[in-house]
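Working notes, structure below.
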Amino acid sequence: MYLIKPIKATLLLALLSLSSLAAYAQQVNELNPKLPPGHNFELIDWNVSLPVDTNKDGKVDTIPEIYLEKGFEYKPYFYTADDGGMVFTAFVDGVKTSKNTKYTRTELREMLRRGDNSVKVKGITKNNWVFSTVRGKEKRKSGGVDGRLEATLAVNNVTVTGKDYQVGRVIIGQIHAKDDEPARLYYRKLPKNNKGVVYLAHEPRKGDEQYYEFNGSRANDIDDPIDGIALDEKFSYSIDVKGDILTVTLSREGKADITQVVNMKDSGYHKRDQYMYFKAGVYNQNNSGDPKDYVQATFYRLKNSHSGYNQ
């Protein structure tokens with residue numbers, strides 16, 4: 001439930017569709033630190049979940065897309081940084097999104113209905129999208145077919161306390177299906193290391209999860225990765241689906257792109273009940289650390305697009 005009064009502003013800055021890291025840097029200069037996130041970024045087709053429960057109903061507060069567009073922000077979880085970036089923070093201690101969720105998050109959820117409350121959030125509706133491998137009427141009933149998510153960000157903080165397999169982990173982007181996650185993109189940095197790594201998890205509807213490493217090992221005890229990414233270092237990713245093919249790319253200034261391709265033919269997402277939506281922000285993957293330990297990332301670009309869907 002939305003309970004916090006939104007912050008008003010008079011200027012809406014539309015993000016440019018940019019394709020290079022040099023262009024990303026140009027856009028960062030256009031972000032206004034005096035404006036809330038929804039006036040620097042087009043957030044009319046996203047809502048945000050916060051790890052708080054201001055009305056004491058036992059559920060996280062979810063802020064609808066229309067309030068993000070109007071200028072909602074709420075420190076220390078979701079706000080504009082001094083450089084104009086969009087900040088997401090999630091402490092180890094906080095309200096979870098459901099009984100089945102182990103971890104806290106401050107995370108955007110794609111909402112293709114763009115404020116039209118007559119459209120149902122879940123299911124094959126105009127709020128969600130499907131893979132082009134889905135047969136039947138579902139493609140026409142959905143809000144889009146296939147999809148691409150592009151982001152530029154810096155991870156500012158990761159957890160340093162807790163169990164060794166949880167320390168330093170945060171999810172920074174996802175494709176979420178009806179019950180499972182075709183794609184979860186992680187950043188992880190161990191406390192002893194100066195740099196972290198990015199890796200991808202693909203979850204078939206049946207069978208074991210598949211992991212793909214980009215610039216170093218995701219293991220619990222590794223040396224400082226030679227090709228790692230430091231905290232506060234900007235990088236970009238894209239998550240792209242065309243039919244059965246999932247392509248995820250890591251981009252950094254001055255370095256060659258690293259791409260992982262996953263064939264999802266046998267993953268079960270071509271079924272008629274499977275709908276998709278992107279997520280972006282921080283999904284803390286540590287529930288064993290100090291309650292005040294936290295993850296944080298600042299986004300400088302965020303763009304979602306789909307075939308058959310006009311934004």
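Ligands are numbered from 1 in the order shown, chains are lettered A, B, ... in the order of the structure tokens, and residues start at 1 in each chain.
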query = Which polymer residues have any atom within 7 Å of an atom of Phe214 (chain A), counting only C-alpha atoms, with same-chain residues fewer than 4 positions away left out, as a list in words?
reply = Val198, Tyr199 and Ile258 of chain A
key: Long-range neighbours of Asp232 (chain A) as a list in words, 7 Å cut-off, only C-alpha atoms, 3 positions minimum in chain   = Ala154, Val155 and Asn156 of chain A
ask   = Which of these, A:Ser267, A:Asn117, A:Thr298, A:Thr89, has the shortest distance to Arg205 (chain A) once you count only C-alpha atoms?
value = A:Ser267
request  = Determine which residues of region 117-197 of chain A receive a DSSP assignment of alpha helix (DSSP H), computed from the backbone, and state them as a list in words.
outcome  =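 So the alpha helix (DSSP H) residues in region 117-197 of chain A would be Glu138, Lys139, Arg140 and Lys141 of chain A.
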Would you put the residues from that selection into a file with C-alpha atoms, as a JSON list (two decimals), in the first residue's frame?
```
[["chain", "number", "residue", "atom", "x", "y", "z"],
["A", 138, "GLU", "CA", -1.05, -15.58, -25.50],
["A", 139, "LYS", "CA", 1.16, -13.35, -27.64],
["A", 140, "ARG", "CA", -1.80, -11.17, -28.60],
["A", 141, "LYS", "CA", -3.09, -11.07, -25.02]]
```
Can you tell me which residues surround region 95-101 of chain A at a distance of at most 8 Å, considering only C-alpha atoms, apart from same-chain residues fewer than 4 positions away, and format the answer as a PDB file with N, CA, C and O atoms, in the first residue's frame?
```pdb
ATOM      1  N   SER A  49       9.319  -2.208  -4.917  1.00  0.00           N
ATOM      2  CA  SER A  49       9.086  -2.830  -3.612  1.00  0.00           C
ATOM      3  C   SER A  49      10.173  -2.375  -2.650  1.00  0.00           C
ATOM      4  O   SER A  49      11.358  -2.400  -2.989  1.00  0.00           O
ATOM      5  N   PRO A  51      11.735  -2.739   1.429  1.00  0.00           N
ATOM      6  CA  PRO A  51      11.747  -3.701   2.544  1.00  0.00           C
ATOM      7  C   PRO A  51      11.241  -3.096   3.848  1.00  0.00           C
ATOM      8  O   PRO A  51      11.841  -3.254   4.907  1.00  0.00           O
ATOM      9  N   VAL A  52      10.106  -2.394   3.755  1.00  0.00           N
ATOM     10  CA  VAL A  52       9.491  -1.771   4.930  1.00  0.00           C
ATOM     11  C   VAL A  52       7.997  -2.072   4.919  1.00  0.00           C
ATOM     12  O   VAL A  52       7.423  -2.440   3.891  1.00  0.00           O
ATOM     13  N   ASP A  53       7.373  -1.897   6.068  1.00  0.00           N
ATOM     14  CA  ASP A  53       5.937  -2.154   6.215  1.00  0.00           C
ATOM     15  C   ASP A  53       5.342  -1.014   7.028  1.00  0.00           C
ATOM     16  O   ASP A  53       5.127  -1.134   8.227  1.00  0.00           O
ATOM     17  N   GLY A  58       2.007  -6.655   7.488  1.00  0.00           N
ATOM     18  CA  GLY A  58       2.811  -7.858   7.308  1.00  0.00           C
ATOM     19  C   GLY A  58       3.357  -8.033   5.906  1.00  0.00           C
ATOM     20  O   GLY A  58       3.917  -9.080   5.590  1.00  0.00           O
ATOM     21  N   LYS A  59       3.232  -7.008   5.055  1.00  0.00           N
ATOM     22  CA  LYS A  59       3.718  -7.080   3.682  1.00  0.00           C
ATOM     23  C   LYS A  59       4.612  -5.883   3.383  1.00  0.00           C
ATOM     24  O   LYS A  59       4.501  -4.832   4.016  1.00  0.00           O
ATOM     25  N   VAL A  60       5.482  -6.051   2.401  1.00  0.00           N
ATOM     26  CA  VAL A  60       6.318  -4.927   1.994  1.00  0.00           C
ATOM     27  C   VAL A  60       5.453  -3.842   1.369  1.00  0.00           C
ATOM     28  O   VAL A  60       4.370  -4.106   0.839  1.00  0.00           O
ATOM     29  N   ARG A 105      14.757  -6.827  -0.429  1.00  0.00           N
ATOM     30  CA  ARG A 105      15.049  -6.206  -1.717  1.00  0.00           C
ATOM     31  C   ARG A 105      14.467  -4.799  -1.771  1.00  0.00           C
ATOM     32  O   ARG A 105      13.459  -4.506  -1.133  1.00  0.00           O
TER      33      ARG A 105
END
```
key: Option closest in space to Asp82 (chain A), from A:Lys206, A:Lys34, A:Lys195, A:Lys242 [counting only C-alpha atoms]   =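 Smallest separation from Asp82 (chain A) among the options: A:Lys34.
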query = Pick the closest to Gln274 (chain A) from A:Phe131, A:Tyr294, A:Phe299, A:Tyr211: which is it, counting only C-alpha atoms?
reply = A:Phe131
remark   = Of A:Arg184, A:Lys292, A:Lys303, A:Lys56, the one sitting nearest Gly94 (chain A) when using only C-alpha atoms is A:Lys292
task = Please run DSSP on the backbone and report, as a PyMOL selection string, all residues within region 21-188 of chain A that come out as strand (DSSP E or B).
result = chain A and resi 46-50+61-63+74+78-80+86-91+105-110+129-130+144-157+169-176+183-188
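Of the listed residues A:Pro225, A:Pro76, A:Gly289, A:Pro37, the one whose atoms come nearest to Gly162 (chain A) is A:Gly289, with distances taken using only C-alpha atoms.
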query = How many Å lie between CA of Gly84 (chain A) and CA of Ile172 (chain A), rounded to one decimal?
reply = 18.7 Å
task = Would you mind telling me which residue in A:Leu149, A:Val130, A:Leu43, A:Leu231 lies nearest to Gly308 (chain A) when using only C-alpha atoms?
result =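 With only C-alpha atoms as the atom set, the closest residue is A:Val130.
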query = Within 9 Å of Pro191 (chain A), counting only C-alpha atoms, which residues qualify if same-chain residues fewer than 5 places away don't, as JSON, numbers by chain?
reply = {"A": [158, 159, 160, 161, 167, 168]}
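The coordinates place CA of Asp227 (chain A) at 28.1 Å from CA of Val92 (chain A).
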ask   = In Å, how far is it from CA of Val262 (chain A) to CA of Gln210 (chain A)?
value = 9.2 Å
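Residues with any atom within 9 Å of Lys122 (chain A), counting only C-alpha atoms and excluding same-chain neighbours fewer than 6 positions away, are Asn128, Lys178 and Tyr275 of chain A.
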